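The next block is my_file-v7.cif, given as mmCIF, C-alpha atoms.
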```
data_run
loop_
_atom_site.label_atom_id
_atom_site.label_comp_id
_atom_site.auth_asym_id
_atom_site.auth_seq_id
_atom_site.Cartn_x
_atom_site.Cartn_y
_atom_site.Cartn_z
CA MET C 14 38.64 13.59 -45.47
CA GLU C 15 36.23 13.77 -48.39
CA ILE C 16 33.89 16.14 -46.54
CA LEU C 17 36.62 18.79 -46.70
CA PHE C 18 36.26 18.79 -50.48
CA LEU C 19 32.57 19.62 -50.06
CA LEU C 20 33.07 22.27 -47.34
CA GLY C 21 35.96 23.93 -49.18
CA GLY C 22 34.07 23.73 -52.47
CA LEU C 23 30.98 25.37 -51.02
CA VAL C 24 33.11 28.19 -49.59
CA PHE C 25 34.75 28.82 -52.98
CA VAL C 26 31.38 28.68 -54.76
CA ALA C 27 29.90 31.14 -52.25
CA PHE C 28 32.78 33.58 -52.69
CA GLY C 29 32.71 33.23 -56.48
CA VAL C 30 28.96 33.84 -56.64
CA GLY C 31 29.36 36.72 -54.17
CA VAL C 32 32.00 38.41 -56.33
CA VAL C 33 29.93 38.04 -59.52
CA LEU C 34 26.66 39.20 -57.92
CA SER C 35 28.34 42.13 -56.18
CA GLU C 36 29.92 43.23 -59.47
CA ALA C 37 26.62 42.88 -61.34
CA ARG C 38 24.76 44.84 -58.66
CA ALA C 39 27.38 47.60 -58.73
CA ARG C 40 27.08 47.90 -62.53
CA ARG C 41 23.29 48.02 -62.62
CA GLY C 42 22.16 51.54 -63.56
CA ALA C 43 25.72 52.91 -63.35
CA TRP C 44 27.12 55.72 -65.50
CA ALA C 45 30.39 55.28 -67.37
CA GLN C 46 33.01 57.85 -66.40
CA GLN C 47 36.54 58.13 -67.76
CA GLY C 48 39.29 57.51 -65.23
CA GLU C 49 43.06 57.25 -65.09
CA VAL C 50 45.33 54.90 -63.13
CA ILE C 51 47.44 57.15 -60.87
CA GLY C 52 49.15 54.50 -58.73
CA PHE C 53 48.71 51.29 -56.79
CA SER C 54 47.70 50.35 -53.29
CA THR C 55 49.18 47.36 -51.58
CA GLY C 56 47.51 44.51 -49.77
CA GLN C 57 48.54 41.03 -48.72
CA GLN C 58 47.64 37.71 -50.27
CA ALA C 59 46.07 35.52 -47.62
CA ASP C 60 47.56 32.27 -48.91
CA SER C 61 51.21 33.28 -49.31
CA GLY C 62 51.60 36.54 -47.40
CA MET C 63 53.08 38.14 -50.55
CA PRO C 64 52.10 41.71 -51.38
CA SER C 65 49.35 42.30 -53.92
CA TYR C 66 48.98 45.47 -55.95
CA HIS C 67 45.59 47.09 -56.65
CA PRO C 68 45.19 49.91 -59.18
CA VAL C 69 44.03 53.25 -57.80
CA VAL C 70 41.95 55.15 -60.35
CA GLU C 71 41.19 58.85 -60.31
CA TYR C 72 37.81 59.88 -61.74
CA VAL C 73 35.34 62.74 -61.61
CA GLY C 74 31.82 61.81 -60.53
CA PRO C 75 28.56 63.15 -61.92
CA ASP C 76 28.60 65.75 -59.13
CA GLY C 77 31.88 67.20 -60.42
CA ARG C 78 33.95 66.03 -57.42
CA LYS C 79 37.22 64.16 -57.85
CA ARG C 80 37.39 60.69 -56.28
CA TYR C 81 39.83 57.80 -56.08
CA LEU C 82 38.77 54.19 -56.60
CA ASP C 83 40.88 51.50 -54.92
CA SER C 84 40.17 48.41 -57.05
CA LEU C 85 39.02 45.26 -55.31
CA VAL C 86 41.07 43.00 -57.60
CA GLY C 87 44.84 42.92 -57.20
CA SER C 88 47.74 40.69 -58.15
CA SER C 89 51.36 40.04 -57.23
CA SER C 90 52.32 42.11 -60.27
CA PRO C 91 50.28 45.08 -61.57
CA PHE C 92 48.04 44.12 -64.49
CA CYS C 93 47.92 47.72 -65.74
CA ALA C 94 50.24 50.75 -65.75
CA VAL C 95 50.17 54.25 -64.32
CA GLY C 96 48.59 56.58 -66.87
CA ASP C 97 46.31 53.93 -68.41
CA ALA C 98 42.87 55.24 -69.34
CA VAL C 99 40.10 53.12 -67.83
CA THR C 100 36.34 53.27 -67.48
CA VAL C 101 34.73 53.66 -64.05
CA LEU C 102 31.08 52.74 -63.53
CA VAL C 103 29.54 55.19 -61.06
CA GLN C 104 26.14 55.10 -59.40
CA PRO C 105 24.44 58.44 -60.29
CA GLY C 106 22.61 58.60 -56.97
CA ASP C 107 25.76 57.89 -54.97
CA PRO C 108 29.02 58.83 -56.76
CA GLY C 109 30.94 57.24 -53.88
CA LYS C 110 29.83 53.82 -55.11
CA ALA C 111 31.85 52.83 -58.16
CA VAL C 112 33.59 49.87 -59.77
CA LEU C 113 36.28 49.54 -62.39
CA LYS C 114 34.82 48.32 -65.67
CA SER C 115 36.78 45.16 -66.33
CA SER C 116 36.02 41.57 -67.18
CA LEU C 117 38.71 40.51 -64.71
CA THR C 118 36.36 40.68 -61.72
CA TYR C 119 33.87 38.39 -63.44
CA GLY C 120 36.78 36.13 -64.39
CA VAL C 121 38.00 35.92 -60.80
CA GLY C 122 34.49 35.16 -59.55
CA ALA C 123 33.94 32.53 -62.23
CA ALA C 124 37.33 30.93 -61.49
CA LEU C 125 36.57 30.75 -57.76
CA GLY C 126 33.15 29.27 -58.49
CA LEU C 127 34.58 26.67 -60.90
CA MET C 128 37.26 25.67 -58.39
CA GLY C 129 34.56 25.20 -55.76
CA LEU C 130 32.33 23.29 -58.15
CA THR C 131 35.23 21.01 -59.07
CA SER C 132 35.89 20.30 -55.40
CA CYS C 133 32.20 19.48 -54.86
CA ILE C 134 32.21 17.13 -57.86
CA VAL C 135 35.24 15.32 -56.45
CA PHE C 136 33.36 14.89 -53.17
CA PHE C 137 30.26 13.40 -54.81
CA ALA C 138 32.44 11.16 -57.01
CA VAL C 139 34.37 9.53 -54.15
CA PHE C 140 32.12 9.86 -51.09
CA ARG C 141 30.25 6.78 -49.92
CA ALA C 142 27.63 6.94 -47.18
CA THR C 143 29.04 4.38 -44.73
CA PRO C 144 28.68 4.66 -40.93
CA PHE C 145 32.38 5.54 -40.64
CA SER C 146 32.26 8.22 -43.34
CA LEU C 147 29.05 9.75 -41.94
CA VAL C 148 30.48 9.92 -38.41
CA SER C 149 33.74 11.42 -39.75
CA ALA C 150 31.82 13.97 -41.81
CA ALA C 151 29.66 14.93 -38.83
CA GLY C 152 32.80 15.39 -36.72
CA VAL C 153 34.48 17.62 -39.32
CA VAL C 154 31.32 19.73 -39.82
CA SER C 155 30.92 20.13 -36.05
CA TRP C 156 34.55 21.20 -35.69
CA ALA C 157 34.20 23.70 -38.56
CA ALA C 158 31.00 25.12 -37.03
CA TYR C 159 32.71 25.43 -33.64
CA GLN C 160 35.72 27.25 -35.14
CA PHE C 161 33.43 29.58 -37.06
CA ARG C 162 31.47 30.27 -33.89
CA ARG C 163 34.67 31.09 -32.04
CA SER C 164 35.85 33.42 -34.80
CA THR C 165 32.65 35.45 -34.54
CA GLY C 166 33.07 35.86 -30.78
CA ALA C 167 30.02 33.70 -30.04
CA LYS C 168 27.80 36.58 -31.22
CA PRO C 169 24.89 35.91 -33.56
CA ILE C 170 25.44 37.23 -37.07
CA THR C 171 22.67 39.69 -37.82
CA LEU C 172 21.62 40.81 -41.29
CA GLU C 173 23.25 44.20 -40.65
CA ILE C 174 26.57 42.60 -39.65
CA TRP C 175 26.46 40.33 -42.70
CA ARG C 176 25.81 43.26 -45.05
CA LYS C 177 28.69 45.19 -43.51
CA TYR C 178 31.03 42.22 -43.94
CA LYS C 179 29.83 41.68 -47.52
CA ASP C 180 30.45 45.34 -48.41
CA GLU C 181 33.97 45.18 -46.95
CA ALA C 182 34.77 41.90 -48.70
CA PHE C 183 33.25 42.46 -52.14
CA CYS C 184 32.96 46.23 -52.67
CA PRO C 185 35.91 48.43 -53.71
CA LYS C 186 36.75 51.45 -51.57
CA VAL C 187 36.31 54.99 -52.86
CA PHE C 188 38.21 57.94 -51.39
CA THR C 189 37.99 61.71 -51.75
CA ASP C 190 40.72 64.34 -51.53
CA ALA C 191 40.01 64.55 -47.80
CA THR C 192 40.47 60.80 -47.25
CA LYS C 193 43.07 60.13 -49.95
CA ALA C 194 45.79 59.76 -47.29
CA GLU C 195 44.07 56.59 -46.03
CA ILE C 196 45.04 54.69 -49.18
CA SER C 197 47.82 52.17 -48.51
CA TRP C 198 50.06 53.31 -51.36
CA ALA C 199 52.53 50.76 -52.70
CA ASP C 200 56.23 51.42 -52.29
CA PRO C 201 57.53 52.58 -55.73
CA GLU C 202 60.74 50.55 -55.50
CA ALA C 203 58.89 47.38 -54.52
CA LEU C 204 56.47 48.01 -57.37
CA ARG C 205 59.26 48.30 -59.95
CA THR C 206 60.88 45.14 -58.59
CA ALA C 207 57.60 43.22 -58.84
CA ILE C 208 57.03 44.37 -62.43
CA ALA C 209 60.58 43.41 -63.51
CA LYS C 210 60.29 40.03 -61.81
CA GLN C 211 56.91 39.32 -63.38
CA GLN C 212 58.15 40.23 -66.87
CA LYS C 213 61.03 37.80 -66.49
CA VAL C 214 58.75 35.04 -65.21
CA ASN C 215 56.15 35.62 -67.95
CA ARG C 216 58.67 34.91 -70.70
CA ILE C 217 59.02 31.39 -69.32
CA VAL C 218 55.76 30.63 -67.56
CA LEU C 219 53.17 31.80 -70.11
CA PRO C 220 54.26 29.44 -72.94
CA ILE C 221 54.43 26.58 -70.44
CA LEU C 222 50.97 27.51 -69.13
CA VAL C 223 49.42 27.42 -72.60
CA LEU C 224 51.19 24.18 -73.56
CA ALA C 225 50.10 22.53 -70.30
CA GLY C 226 46.54 23.72 -70.88
CA VAL C 227 46.48 22.38 -74.45
CA GLY C 228 47.96 19.09 -73.27
CA LEU C 229 45.38 18.67 -70.49
CA LEU C 230 42.59 19.66 -72.86
CA PHE C 231 43.59 16.98 -75.38
CA LEU C 232 44.10 14.48 -72.57
CA GLY C 233 40.61 15.22 -71.26
CA VAL C 234 39.09 14.75 -74.72
CA HIS C 235 41.04 11.51 -75.21
CA LEU C 236 39.99 10.13 -71.82
CA HIS C 237 36.38 11.16 -72.46
CA GLN C 238 36.32 9.30 -75.78
CA LYS C 239 38.03 6.31 -74.22
CA THR C 240 35.58 6.28 -71.30
CA ALA C 241 32.58 6.65 -73.62
CA ALA C 242 33.79 3.72 -75.76
CA PHE C 243 34.33 1.60 -72.62
CA LEU C 244 30.88 2.39 -71.23
CA ALA C 245 29.26 1.54 -74.59
CA ARG C 246 30.57 -2.04 -74.49
CA ALA C 247 30.77 -2.60 -70.72
CA VAL C 248 28.49 -4.91 -68.77
CA SER C 249 27.71 -4.64 -65.08
CA ALA C 250 28.39 -7.09 -62.29
CA ARG C 251 28.55 -7.20 -58.52
CA GLY C 252 31.94 -7.10 -56.88
CA VAL C 253 33.41 -7.06 -53.40
CA VAL C 254 36.35 -5.12 -51.96
CA VAL C 255 38.97 -7.72 -50.98
CA GLU C 256 41.84 -5.39 -50.06
CA MET C 257 42.83 -1.75 -49.58
CA THR C 258 46.18 -0.88 -51.13
CA THR C 259 48.28 2.13 -50.13
CA ASN C 260 49.43 4.69 -52.68
CA HIS C 261 52.51 6.32 -51.19
CA SER C 262 53.21 10.00 -51.78
CA SER C 263 56.49 11.87 -51.54
CA ASP C 264 54.94 14.35 -49.08
CA GLY C 265 53.73 11.56 -46.81
CA ALA C 266 50.04 12.04 -47.65
CA ASP C 267 49.26 8.39 -48.40
CA THR C 268 45.93 7.47 -49.98
CA TYR C 269 44.07 4.17 -50.20
CA ALA C 270 42.55 2.48 -53.24
CA PRO C 271 40.20 -0.52 -53.19
CA VAL C 272 41.07 -3.82 -54.84
CA VAL C 273 37.83 -5.33 -56.13
CA GLU C 274 37.04 -8.93 -57.03
CA PHE C 275 34.23 -9.94 -59.37
CA GLU C 276 33.22 -12.99 -61.37
CA HIS C 277 32.82 -13.44 -65.14
CA GLN C 278 31.85 -16.77 -66.73
CA GLY C 279 32.81 -18.68 -63.60
CA ARG C 280 36.26 -17.09 -63.33
CA LYS C 281 37.25 -14.52 -60.72
CA TYR C 282 39.03 -11.30 -61.64
CA THR C 283 40.53 -8.58 -59.49
CA PHE C 284 41.45 -4.99 -60.28
CA LYS C 285 42.71 -1.94 -58.42
CA ASP C 286 40.52 1.14 -58.70
CA SER C 287 42.14 4.24 -60.20
CA ILE C 288 40.71 6.60 -57.54
CA SER C 289 42.19 6.63 -54.05
CA SER C 290 41.41 8.72 -50.98
CA ASN C 291 42.31 9.32 -47.36
CA PRO C 292 40.48 8.22 -45.30
CA PRO C 293 39.51 5.20 -47.41
CA SER C 294 36.17 5.44 -49.20
CA TYR C 295 35.72 1.68 -48.94
CA ARG C 296 36.36 -1.09 -46.45
CA ARG C 297 37.22 -4.70 -46.96
CA GLY C 298 34.05 -6.68 -47.62
CA ASP C 299 32.07 -3.78 -49.11
CA ALA C 300 29.85 -4.71 -52.05
CA VAL C 301 30.29 -2.46 -55.10
CA GLY C 302 28.98 -2.24 -58.62
CA VAL C 303 31.48 -3.11 -61.35
CA LEU C 304 31.66 -2.30 -65.05
CA TYR C 305 33.91 -4.46 -67.24
CA ASP C 306 34.64 -5.28 -70.86
CA PRO C 307 33.23 -8.78 -71.55
CA ASP C 308 35.93 -9.42 -74.16
CA GLN C 309 38.70 -8.31 -71.77
CA ALA C 310 37.39 -8.86 -68.27
CA HIS C 311 40.57 -7.51 -66.69
CA ASP C 312 39.56 -4.06 -68.05
CA ALA C 313 37.21 -3.11 -65.22
CA ARG C 314 36.36 -0.24 -62.90
CA ILE C 315 33.95 0.62 -60.12
CA ASP C 316 30.57 1.79 -61.40
CA ARG C 317 29.96 5.34 -60.09
CA GLY C 318 26.83 6.02 -62.08
CA ARG C 319 26.63 9.54 -63.48
CA TRP C 320 30.14 10.29 -62.15
CA ASN C 321 31.82 7.75 -64.44
CA LYS C 322 32.81 10.56 -66.82
CA ALA C 323 33.76 13.07 -64.11
CA VAL C 324 37.55 12.65 -64.30
CA PRO C 325 37.91 13.35 -68.07
CA ILE C 326 35.61 16.38 -67.77
CA LEU C 327 37.59 17.77 -64.82
CA ILE C 328 40.90 17.29 -66.62
CA GLY C 329 39.62 18.88 -69.83
CA GLY C 330 37.98 21.73 -67.94
CA PHE C 331 41.17 22.49 -66.04
CA GLY C 332 43.12 22.45 -69.30
CA ALA C 333 40.65 24.88 -70.89
CA LEU C 334 40.98 27.18 -67.87
CA LEU C 335 44.79 27.18 -68.20
CA CYS C 336 44.51 27.98 -71.92
CA LEU C 337 42.16 30.89 -71.27
CA LEU C 338 44.42 32.23 -68.55
CA GLY C 339 47.48 31.93 -70.78
CA PHE C 340 45.88 33.58 -73.81
CA TRP C 341 44.44 36.36 -71.63
CA SER C 342 47.90 37.02 -70.21
CA PHE C 343 49.40 37.09 -73.71
CA SER C 344 46.76 39.57 -74.87
CA ARG C 345 47.41 41.82 -71.86
CA ARG C 346 51.12 41.80 -72.56
CA ALA C 347 50.52 42.58 -76.25
CA GLN C 348 48.34 45.55 -75.31
CA ARG C 349 51.07 46.94 -73.05
CA VAL C 350 53.67 46.63 -75.79
CA SER C 351 51.45 48.36 -78.34
#
```
Can the structure in the file be given as structure tokens, please?
Amino acid sequence: MEILFLLGGLVFVAFGVGVVLSEARARRGAWAQQGEVIGFSTGQQADSGMPSYHPVVEYVGPDGRKRYLDSLVGSSSPFCAVGDAVTVLVQPGDPGKAVLKSSLTYGVGAALGLMGLTSCIVFFAVFRATPFSLVSAAGVVSWAAYQFRRSTGAKPITLEIWRKYKDEAFCPKVFTDATKAEISWADPEALRTAIAKQQKVNRIVLPILVLAGVGLLFLGVHLHQKTAAFLARAVSARGVVVEMTTNHSSDGADTYAPVVEFEHQGRKYTFKDSISSNPPSYRRGDAVGVLYDPDQAHDARIDRGRWNKAVPILIGGFGALLCLLGFWSFSRRAQRVS
């Protein structure tokens, strides 16, 4: 259902903004201290259950005491090495509050936010306020609220509980010599295996990632220019949905696209819209706005107002994101080699 795009998008946006704001707050007024990566802790990725490795950094605070920062950001393969010199940003009034100075945290937050924003844009591009869609959306929202209520044990979330959850979710943990044993240290053999596997994968995946990003970026630019040229010469008309066609998928997740009929110079034309969804965004008999080329009336599409250019922008944006990720990975690998 389309409402899931909005709900999921808002969750991703909230987490992305939370990561960025938490990082900015932790850096405000902090002192830069030199640190060294002494090992890795292990966690678990929620989506795949695979282990994730977080660098553990040893540093000396302004009070002269040694501490150990367990980084909030981890990956399936370590993105740094034991012995690497890093910078730790420490709060002078509370040396136990510290973050690793790295643009990666901002990158992760921005990526989460962009993914959420993209999902929200998809929702607004395809959602139509019909009685069926509104009832379906209300049902999904009610179910999500009920599940969230159950997960919190039917207890109201106070400001104190929320702050505690936020600190656990967005703030890295800092240990002392007395609490160092609480760190979930990664198994050395598993760590070496993960590094070797990632190096092998990178030799193949990174070039493909960059090429795919460049391809999508050029495709997005091409589609944007093509859409802009179409909109410049298109005229509007009223159309009606005469049929819903099924787009079959190999995984069984079929979607439905409207077939629209409109009239130009006394002759009727039909076209199948390029955007499909499940459940259907339209029903047979729905009136829709149509844009078409008067010289080639078969070249037509549903008029979505300001969202007419959404698809090329999304494709180009995703391609740019892949390029940035690929080039960042190449630069990290070059730094390790040097």
Which residues, written as a ChimeraX atom specification, have at least one atom at most 10 Å from Arg41 (chain C), with only C-alpha atoms counted and residues fewer than 4 positions away on the same chain left out? /C:36-37,102-104
Per residue of region 260-280 of chain C within 12 Å of region 302-320 of chain C, which atom pair is closest and at what distance in Å (one decimal), using all atoms listed in the file, listed by chain and increasing number, as CSV?
```
residue,atom,partner,partner_atom,distance
C:Ala270,CA,C:Ile315,CA,11.2
C:Pro271,CA,C:Ile315,CA,9.4
C:Val272,CA,C:Ile315,CA,9.9
C:Val273,CA,C:Ile315,CA,8.1
C:Glu274,CA,C:Val303,CA,9.1
C:Phe275,CA,C:Val303,CA,7.6
C:Glu276,CA,C:Ala310,CA,9.1
C:His277,CA,C:Ala310,CA,7.2
C:Gln278,CA,C:Pro307,CA,9.4
C:Gly279,CA,C:Ala310,CA,11.8
C:Arg280,CA,C:Ala310,CA,9.7
```
The PyMOL selection byres ((chain C and resi 80) around 7) applied to the shown file, residues as number ranges by chain: C: 71-73, 78-79, 81-82, 187-190
Could you tell me which of C:Val301, C:Val218, C:Leu85, C:Val121 comes closest to Ser249 (chain C) if we count all atoms listed in the file? C:Val301
Write out as a list in words each polymer residue whose atoms come within 6 Å of Leu229 (chain C), counting only C-alpha atoms; drop sequence neighbours fewer than 3 positions from it. Gly226, Leu232, Gly233, Gly329 and Gly332 of chain C
Please report the interatomic distance between CA of Leu222 (chain C) and CA of Leu338 (chain C) in Å with one decimal.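 Straight-line distance from CA of Leu222 (chain C) to CA of Leu338 (chain C) works out to 8.1 Å.
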Could you pull the residues within 9 Å of region 192-203 of chain C, counting only C-alpha atoms, minus those fewer than 5 positions along the same chain, as a list of chain:residue names?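 Residues near the query, excluding close chain neighbours: C:Gly52, C:Phe53, C:Ser54, C:Thr55, C:Gly56, C:Tyr66, C:His67, C:Val69, C:Arg80, C:Tyr81, C:Asp83, C:Val187, C:Ile208.
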Near-Arg205 (chain C) list (10 Å; all atoms listed in the file; drop same-chain fewer than 5 positions) as a PDB file with C-alpha atoms, in the coordinates of the input:
```pdb
ATOM      1  CA  SER C  90      52.320  42.110 -60.270  1.00  0.00           C
ATOM      2  CA  PRO C  91      50.280  45.080 -61.570  1.00  0.00           C
ATOM      3  CA  ASP C 200      56.230  51.420 -52.290  1.00  0.00           C
ATOM      4  CA  LYS C 210      60.290  40.030 -61.810  1.00  0.00           C
ATOM      5  CA  GLN C 211      56.910  39.320 -63.380  1.00  0.00           C
TER       6      GLN C 211
END
```
Smallest atom-to-atom distance to Thr268 (chain C): which of C:Met63, C:Ile288, C:Ala94, C:Val135, using all atoms listed in the file? C:Ile288
Exercise: residues within 12 Å of coordinate (45.4, 28.1, -68.9), counting only C-alpha atoms, as a ChimeraX atom specification: /C:124,218-230,328-343
On this file, the PyMOL selection byres ((chain C and resi 98) around 7) gives some set of residues; write that set as a list in words.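 That expression, the PyMOL selection byres ((chain C and resi 98) around 7), corresponds here to Gly48, Glu49, Val50, Gly96, Asp97 and Val99 of chain C.
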Output for the residues just chosen: C-alpha atoms as a tab-separated table (two decimals), keeping the file's coordinate frame:
```tsv
chain	number	residue	atom	x	y	z
C	48	GLY	CA	39.29	57.51	-65.23
C	49	GLU	CA	43.06	57.25	-65.09
C	50	VAL	CA	45.33	54.90	-63.13
C	96	GLY	CA	48.59	56.58	-66.87
C	97	ASP	CA	46.31	53.93	-68.41
C	99	VAL	CA	40.10	53.12	-67.83
```
Nearest to Val33 (chain C) by atom-to-atom distance, counting all atoms listed in the file, from C:Leu204, C:Ala123, C:Val214, C:Ile326: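 Comparing C:Leu204, C:Ala123, C:Val214, C:Ile326 against Val33 (chain C), the winner is C:Ala123.
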Which one is closest to His261 (chain C): C:Leu130, C:Tyr119, C:Ser290, C:Gln46? Count all atoms listed in the file.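 Closest to His261 (chain C), using all atoms listed in the file: C:Ser290.
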One number please: CA of Ser263 (chain C) to CA of Ser294 (chain C), in Å, one decimal. 21.4 Å
For Gly106 (chain C), work out the shell of residues within 10 Å, counting all atoms listed in the file and skipping chain neighbours fewer than 4 positions away, then give it as number ranges by chain. C: 42-43, 75-76, 110
